[in-house]
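Participant: Pasting work10.cif here (mmCIF, C-alpha atoms):
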data_structure
#
loop_
_atom_site.label_atom_id
_atom_site.label_comp_id
_atom_site.auth_asym_id
_atom_site.auth_seq_id
_atom_site.Cartn_x
_atom_site.Cartn_y
_atom_site.Cartn_z
CA MET A 136 20.55 -17.04 -3.04
CA LYS A 137 18.23 -16.78 -5.99
CA ASN A 138 14.49 -17.04 -6.60
CA VAL A 139 11.91 -15.08 -8.55
CA VAL A 140 11.32 -12.58 -5.71
CA ILE A 141 15.02 -11.85 -5.29
CA ASP A 142 15.49 -11.58 -9.05
CA THR A 143 12.66 -9.04 -9.18
CA MET A 144 14.19 -6.96 -6.38
CA LEU A 145 17.66 -7.00 -7.93
CA SER A 146 16.30 -5.94 -11.33
CA ARG A 147 14.58 -2.82 -10.00
CA SER A 148 15.84 0.62 -10.92
CA SER A 149 14.31 4.08 -10.74
CA THR A 150 12.42 4.84 -13.92
CA LYS A 151 13.15 8.00 -15.89
CA TYR A 152 11.09 7.34 -19.02
CA TYR A 153 7.43 6.32 -18.83
CA ASP A 154 4.96 5.37 -21.54
CA GLN A 155 2.81 8.50 -21.45
CA ASN A 156 -0.06 6.77 -23.21
CA ALA A 157 -0.33 3.99 -20.64
CA THR A 158 -2.91 3.98 -17.87
CA LEU A 159 -3.62 1.91 -14.78
CA SER A 160 -7.19 1.05 -13.85
CA ASP A 161 -8.84 1.79 -10.52
CA GLU A 162 -8.56 -1.92 -9.75
CA GLN A 163 -4.85 -2.06 -10.53
CA ILE A 164 -4.12 1.01 -8.42
CA SER A 165 -6.24 -0.33 -5.57
CA GLU A 166 -4.44 -3.68 -5.71
CA LEU A 167 -1.05 -1.97 -5.54
CA VAL A 168 -2.14 -0.11 -2.42
CA LYS A 169 -3.61 -3.28 -0.91
CA ILE A 170 -0.26 -4.99 -1.41
CA GLY A 171 1.51 -1.94 0.00
CA THR A 172 -0.52 -2.15 3.17
CA SER A 173 0.74 -5.67 3.82
CA ALA A 174 4.01 -4.08 4.94
CA PRO A 175 4.82 -4.08 8.68
CA THR A 176 3.79 -1.24 10.99
CA SER A 177 4.61 -0.64 14.63
CA PHE A 178 1.87 -2.00 16.96
CA HIS A 179 -0.20 -2.62 13.80
CA LEU A 180 -0.97 1.14 13.70
CA GLN A 181 -1.20 1.18 9.88
CA ASN A 182 -0.54 4.91 10.07
CA TRP A 183 -0.36 5.65 6.37
CA ARG A 184 -2.46 6.95 3.51
CA PHE A 185 -1.99 6.89 -0.27
CA ILE A 186 -3.22 9.60 -2.64
CA ALA A 187 -3.27 8.34 -6.24
CA VAL A 188 -2.63 11.33 -8.51
CA ARG A 189 -3.62 10.11 -11.94
CA SER A 190 -6.10 12.53 -13.58
CA PRO A 191 -4.65 15.19 -15.92
CA GLU A 192 -6.03 17.91 -13.63
CA ALA A 193 -4.42 16.45 -10.51
CA LYS A 194 -1.12 15.88 -12.31
CA ALA A 195 -1.16 19.51 -13.43
CA ARG A 196 -1.57 20.56 -9.79
CA LEU A 197 1.23 18.31 -8.59
CA ARG A 198 3.99 18.83 -11.14
CA PRO A 199 4.73 22.54 -10.45
CA ILE A 200 5.13 21.86 -6.72
CA ALA A 201 7.25 18.75 -7.36
CA TRP A 202 10.23 20.55 -8.92
CA ASN A 203 8.60 20.08 -12.32
CA GLN A 204 9.77 16.46 -12.40
CA PRO A 205 8.48 14.76 -15.58
CA ALA A 206 7.57 11.51 -13.85
CA THR A 207 4.81 13.26 -11.90
CA SER A 208 2.83 13.86 -15.08
CA GLU A 209 4.19 11.21 -17.46
CA ALA A 210 3.73 8.11 -15.29
CA ALA A 211 0.33 6.45 -15.16
CA VAL A 212 -0.02 7.37 -11.48
CA THR A 213 1.97 9.20 -8.85
CA PHE A 214 1.21 8.29 -5.27
CA ILE A 215 1.60 10.84 -2.52
CA ILE A 216 2.83 8.55 0.24
CA VAL A 217 1.41 9.96 3.46
CA GLY A 218 2.55 9.01 6.94
CA LYS A 219 0.33 9.70 9.93
CA MET A 220 1.82 10.72 13.26
CA ALA A 221 1.80 7.61 15.47
CA ASP A 222 -1.29 7.67 17.72
CA ALA A 223 -1.39 4.90 20.33
CA SER A 224 -5.07 5.55 21.07
CA THR A 225 -5.90 3.89 17.74
CA VAL A 226 -4.36 0.54 18.74
CA PRO A 227 -7.65 -1.11 19.90
CA ALA A 228 -9.46 -0.17 16.68
CA CYS A 229 -6.51 -1.27 14.54
CA LEU A 230 -6.36 -4.65 16.27
CA ALA A 231 -10.13 -5.26 16.33
CA PRO A 232 -10.21 -7.02 12.93
CA ALA A 233 -7.47 -9.39 14.09
CA VAL A 234 -9.56 -10.23 17.16
CA GLU A 235 -12.67 -10.75 15.02
CA ALA A 236 -10.68 -13.05 12.71
CA GLY A 237 -9.56 -15.16 15.65
CA ILE A 238 -5.89 -14.29 15.16
CA MET A 239 -5.41 -12.79 18.62
CA PRO A 240 -7.49 -12.64 21.83
CA ALA A 241 -9.08 -9.34 22.84
CA ALA A 242 -7.61 -9.69 26.33
CA ILE A 243 -4.09 -8.91 25.14
CA ILE A 244 -4.95 -5.64 23.39
CA PRO A 245 -3.91 -3.62 26.48
CA ASP A 246 -0.55 -5.39 26.31
CA TRP A 247 -0.09 -3.65 22.97
CA GLU A 248 -1.79 -0.33 23.68
CA ASN A 249 -0.06 0.46 26.96
CA PRO A 250 3.51 0.09 25.66
CA ALA A 251 2.54 2.07 22.57
CA ARG A 252 1.23 4.89 24.75
CA GLY A 253 4.43 4.83 26.78
CA LEU A 254 6.45 5.05 23.60
CA TYR A 255 4.55 7.69 21.65
CA ASP A 256 2.16 9.74 23.79
CA ASP A 257 4.67 12.36 24.97
CA ASN A 258 7.21 12.08 22.19
CA VAL A 259 6.28 14.11 19.12
CA GLN A 260 9.60 13.38 17.43
CA LEU A 261 9.05 9.64 17.73
CA GLN A 262 5.49 10.03 16.45
CA ARG A 263 6.92 11.74 13.38
CA ASP A 264 9.71 9.21 12.98
CA GLU A 265 7.15 6.42 13.03
CA ALA A 266 5.06 8.16 10.36
CA ILE A 267 8.09 8.27 8.06
CA ARG A 268 9.11 4.68 8.81
CA THR A 269 5.62 3.35 8.20
CA ALA A 270 5.11 5.24 4.95
CA THR A 271 8.50 4.15 3.65
CA PHE A 272 7.74 0.47 4.30
CA GLY A 273 4.49 0.86 2.35
CA ALA A 274 6.17 2.67 -0.52
CA ALA A 275 8.93 0.07 -0.80
CA THR A 276 6.36 -2.73 -0.95
CA ILE A 277 4.53 -0.96 -3.78
CA ILE A 278 7.83 -0.46 -5.62
CA TYR A 279 8.60 -4.18 -5.67
CA ALA A 280 5.01 -5.17 -6.41
CA ALA A 281 5.07 -2.83 -9.41
CA ARG A 282 8.35 -4.28 -10.59
CA SER A 283 6.96 -7.82 -10.34
CA LEU A 284 4.16 -6.74 -12.68
CA GLY A 285 6.58 -5.29 -15.21
CA TRP A 286 6.03 -1.63 -14.28
CA GLY A 287 8.56 1.02 -13.42
CA SER A 288 8.61 3.26 -10.38
CA THR A 289 10.30 6.45 -9.24
CA PRO A 290 10.44 7.47 -5.57
CA MET A 291 10.99 11.21 -5.14
CA ILE A 292 11.61 13.60 -2.26
CA GLY A 293 12.10 16.61 -4.55
CA PHE A 294 8.91 18.56 -3.87
CA ASP A 295 7.52 21.40 -1.77
CA PHE A 296 6.27 19.52 1.28
CA ASP A 297 4.07 22.34 2.57
CA ALA A 298 2.57 23.01 -0.86
CA VAL A 299 1.74 19.34 -1.42
CA ALA A 300 0.12 19.14 2.01
CA ARG A 301 -2.02 22.21 1.25
CA GLU A 302 -2.90 21.33 -2.33
CA PHE A 303 -3.99 17.79 -1.54
CA GLY A 304 -5.69 18.42 1.78
CA LEU A 305 -3.41 16.65 4.25
CA ALA A 306 -4.42 16.86 7.89
CA ASP A 307 -2.25 18.42 10.58
CA ASN A 308 -1.13 14.97 11.75
CA GLU A 309 -0.12 13.85 8.23
CA ILE A 310 3.26 14.10 6.53
CA PRO A 311 3.86 13.85 2.76
CA VAL A 312 6.80 11.46 3.06
CA MET A 313 7.55 10.95 -0.62
CA LEU A 314 6.08 10.86 -4.11
CA LEU A 315 6.09 7.54 -5.92
CA SER A 316 5.39 7.42 -9.64
CA VAL A 317 4.37 4.03 -11.09
CA GLY A 318 3.54 2.88 -14.59
CA PRO A 319 4.58 1.07 -17.76
CA GLU A 320 7.94 2.21 -19.06
CA ARG A 321 9.21 3.20 -22.47
CA PRO A 322 12.70 2.29 -23.76
CA GLY A 323 15.81 4.10 -22.57
CA ASN A 324 15.82 3.47 -18.83
CA TRP A 325 19.07 2.47 -17.16
CA PRO A 326 19.51 -0.88 -15.39
CA GLN A 327 20.15 -0.88 -11.67
CA LYS A 328 23.37 0.99 -10.85
CA PRO A 329 26.12 -0.85 -8.92
CA ARG A 330 25.95 -0.56 -5.13
CA LEU A 331 28.72 -0.16 -2.58
CA PRO A 332 30.54 -3.40 -1.76
CA VAL A 333 28.75 -5.35 0.94
CA LEU A 334 31.80 -5.33 3.21
CA ASP A 335 31.74 -1.52 3.13
CA VAL A 336 28.26 -1.47 4.69
CA LEU A 337 28.13 -4.74 6.69
CA GLN A 338 29.52 -5.27 10.18
CA PHE A 339 29.31 -8.59 11.98
CA ALA A 340 29.01 -8.39 15.76
#
Could you take the file, read its structure, and then write that structure out as C-alpha cells?

Facilitator:
Amino acid sequence: MKNVVIDTMLSRSSTKYYDQNATLSDEQISELVKIGTSAPTSFHLQNWRFIAVRSPEAKARLRPIAWNQPATSEAAVTFIIVGKMADASTVPACLAPAVEAGIMPAAIIPDWENPARGLYDDNVQLQRDEAIRTATFGAATIIYAARSLGWGSTPMIGFDFDAVAREFGLADNEIPVMLLSVGPERPGNWPQKPRLPVLDVLQFA
C-alpha cells in the first residue's frame, strides 16, 4: 500500500537538529493546530489545548524545566500539548456547532451526553486517561501535518510536569501530556529507525 500520505508517515523521524534561524508565522502555527483539532475525540469533547511556545522569553522559561532539551529552544515552536480531564457536561456545547451545521439533530444530544456521564462522571482515572488519549491524537496529527509540509518534529515527555503546569498557567483540570517541537530542520538528522517486525506486534483473532 502506497500513496503520498503513507509515504509522508513512513518518512517521519524525530528531529534532533533544527534550523535555529527559522520561524513559523502566527498563521502557520494556527493552521497546524487547526489540523491537529481534526483528530478524533471521545463524544466530540475536544478536551485539549495547545500552548505555542515560540518567543525567546517563553523558550527561556521552558527549557530549564524540560531537562534542558535543545529542541525546546532551537525549534521554531514547541507546543505544550494539554489534555483536559473529560467532562461530560460539556457535550451539549461541543455538539451545538454540529447541530447548527445540520450534521446532526439536536434531539439526539442526550443520547451522547447520558452515556458520557455514565462513563466519566464518577471515574477520575478515566477522565485522566481520556485527557491523555485526546491530547495524543492531536499531537500525532500535528506531527504528520508538519512532516507533510517539510518540517521536523520532536515529541518529548522529558520535563517537569508540575513546573510546566505552574509556569504556563494550566488549570487544575489540565494535564501537560507532552511537549512537541516543530520547525524546519538543518542537516544531520537520522532517517526513521527500523521498527519491530509486524508479526512480533500483530495478532489475528

Participant: Please provide the set of residues having any atom within 7 Å of Lys151 of chain A, restricted to all atoms listed in the file, with same-chain residues fewer than 2 positions apart removed, written as a list in words.

Facilitator: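 That gives Ser149, Tyr153, Ala206 and Asn324 of chain A.
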
Participant: Using all atoms listed in the file, determine which residues lie at most 7 Å from Asp154 of chain A, disregarding the query and same-chain residues fewer than 2 positions distant; provide the list as an NGL selection string.

Facilitator: :A and (152 or 156-157 or 210 or 319-321)

Participant: Between A:Arg184, A:Phe178, A:Glu162, A:Asn258, which residue has the minimum interatomic distance to Asp246 of chain A, considering only C-alpha atoms?

Facilitator: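 Closest candidate: A:Phe178.
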
Participant: Name every residue that the PyMOL selection byres ((chain A and resi 314) around 9) selects in this structure, writing the answer as a short mmCIF file (atom, residue, chain, number, x, y, z; two decimals) with C-alpha atoms, in the frame of the given file with chains first and numbers rising.

Facilitator:
data_model
loop_
_atom_site.label_atom_id
_atom_site.label_comp_id
_atom_site.auth_asym_id
_atom_site.auth_seq_id
_atom_site.Cartn_x
_atom_site.Cartn_y
_atom_site.Cartn_z
CA ALA A 201 7.25 18.75 -7.36
CA THR A 207 4.81 13.26 -11.90
CA THR A 213 1.97 9.20 -8.85
CA PHE A 214 1.21 8.29 -5.27
CA ILE A 215 1.60 10.84 -2.52
CA ILE A 216 2.83 8.55 0.24
CA VAL A 217 1.41 9.96 3.46
CA ALA A 274 6.17 2.67 -0.52
CA THR A 289 10.30 6.45 -9.24
CA PRO A 290 10.44 7.47 -5.57
CA MET A 291 10.99 11.21 -5.14
CA ILE A 292 11.61 13.60 -2.26
CA GLY A 293 12.10 16.61 -4.55
CA PHE A 294 8.91 18.56 -3.87
CA PRO A 311 3.86 13.85 2.76
CA VAL A 312 6.80 11.46 3.06
CA MET A 313 7.55 10.95 -0.62
CA LEU A 315 6.09 7.54 -5.92
CA SER A 316 5.39 7.42 -9.64
#

Participant: Translate the PyMOL selection byres ((chain A and resi 267) around 10) into a concrete residue list for this structure, as an MDAnalysis selection string.

Facilitator: chainID A and resid 182:183 216:221 261:266 268:272 309:313

Participant: Report the distance between atom CA of Val333 of chain A and atom CA of Arg282 of chain A in Å, rounded to one decimal place.

Facilitator: 23.5 Å

Participant: For the file shown, report as number ranges by chain the outcome of the PyMOL selection byres ((chain A and resi 180) around 7) at residue level.

Facilitator: A: 176-179, 181-182, 225-226, 229

Participant: Nearest residue to Asp257 of chain A out of A:Ser173, A:Glu166, A:Asp222, A:Phe339, using all atoms listed in the file?

Facilitator: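 Of A:Ser173, A:Glu166, A:Asp222, A:Phe339, the one nearest Asp257 of chain A, counting all atoms listed in the file, is A:Asp222.
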
Participant: Got a sec: who's within 8 Å of Arg189 of chain A, counting only C-alpha atoms, leaving out chain neighbours fewer than 3 positions off, as a list in words?

Facilitator: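 In the requested form, the answer reads Ala193, Lys194, Ala211, Val212 and Thr213 of chain A.
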
Participant: How far is it from atom CA of Tyr255 of chain A to atom CA of Ala223 of chain A, in Å with one decimal?

Facilitator: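 Answer for the atom CA of Tyr255 of chain A to atom CA of Ala223 of chain A separation: 6.7 Å.
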
Participant: Figure out the distance between atom CA of Ala281 of chain A and atom CA of Lys169 of chain A, please, to one decimal in Å.

Facilitator: 12.2 Å

Participant: Counting all atoms listed in the file, I want the residues whose atoms come within 10 Å of (21.7, -3.2, -11.3) in the file frame, returned as a ChimeraX atom specification.

Facilitator: /A:144-148,325-330

Participant: Which residue gives the smallest distance to Gly253 of chain A among A:Ala241, A:Tyr279, A:Ser224, A:Asp297, with only C-alpha atoms counted?

Facilitator: A:Ser224

Participant: With only C-alpha atoms as the basis for distance, which of A:Thr276, A:Asn138, A:Ser190, A:Thr172 is at the shortest distance from Leu159 of chain A?

Facilitator: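 Closest to Leu159 of chain A of all the choices is A:Ser190.
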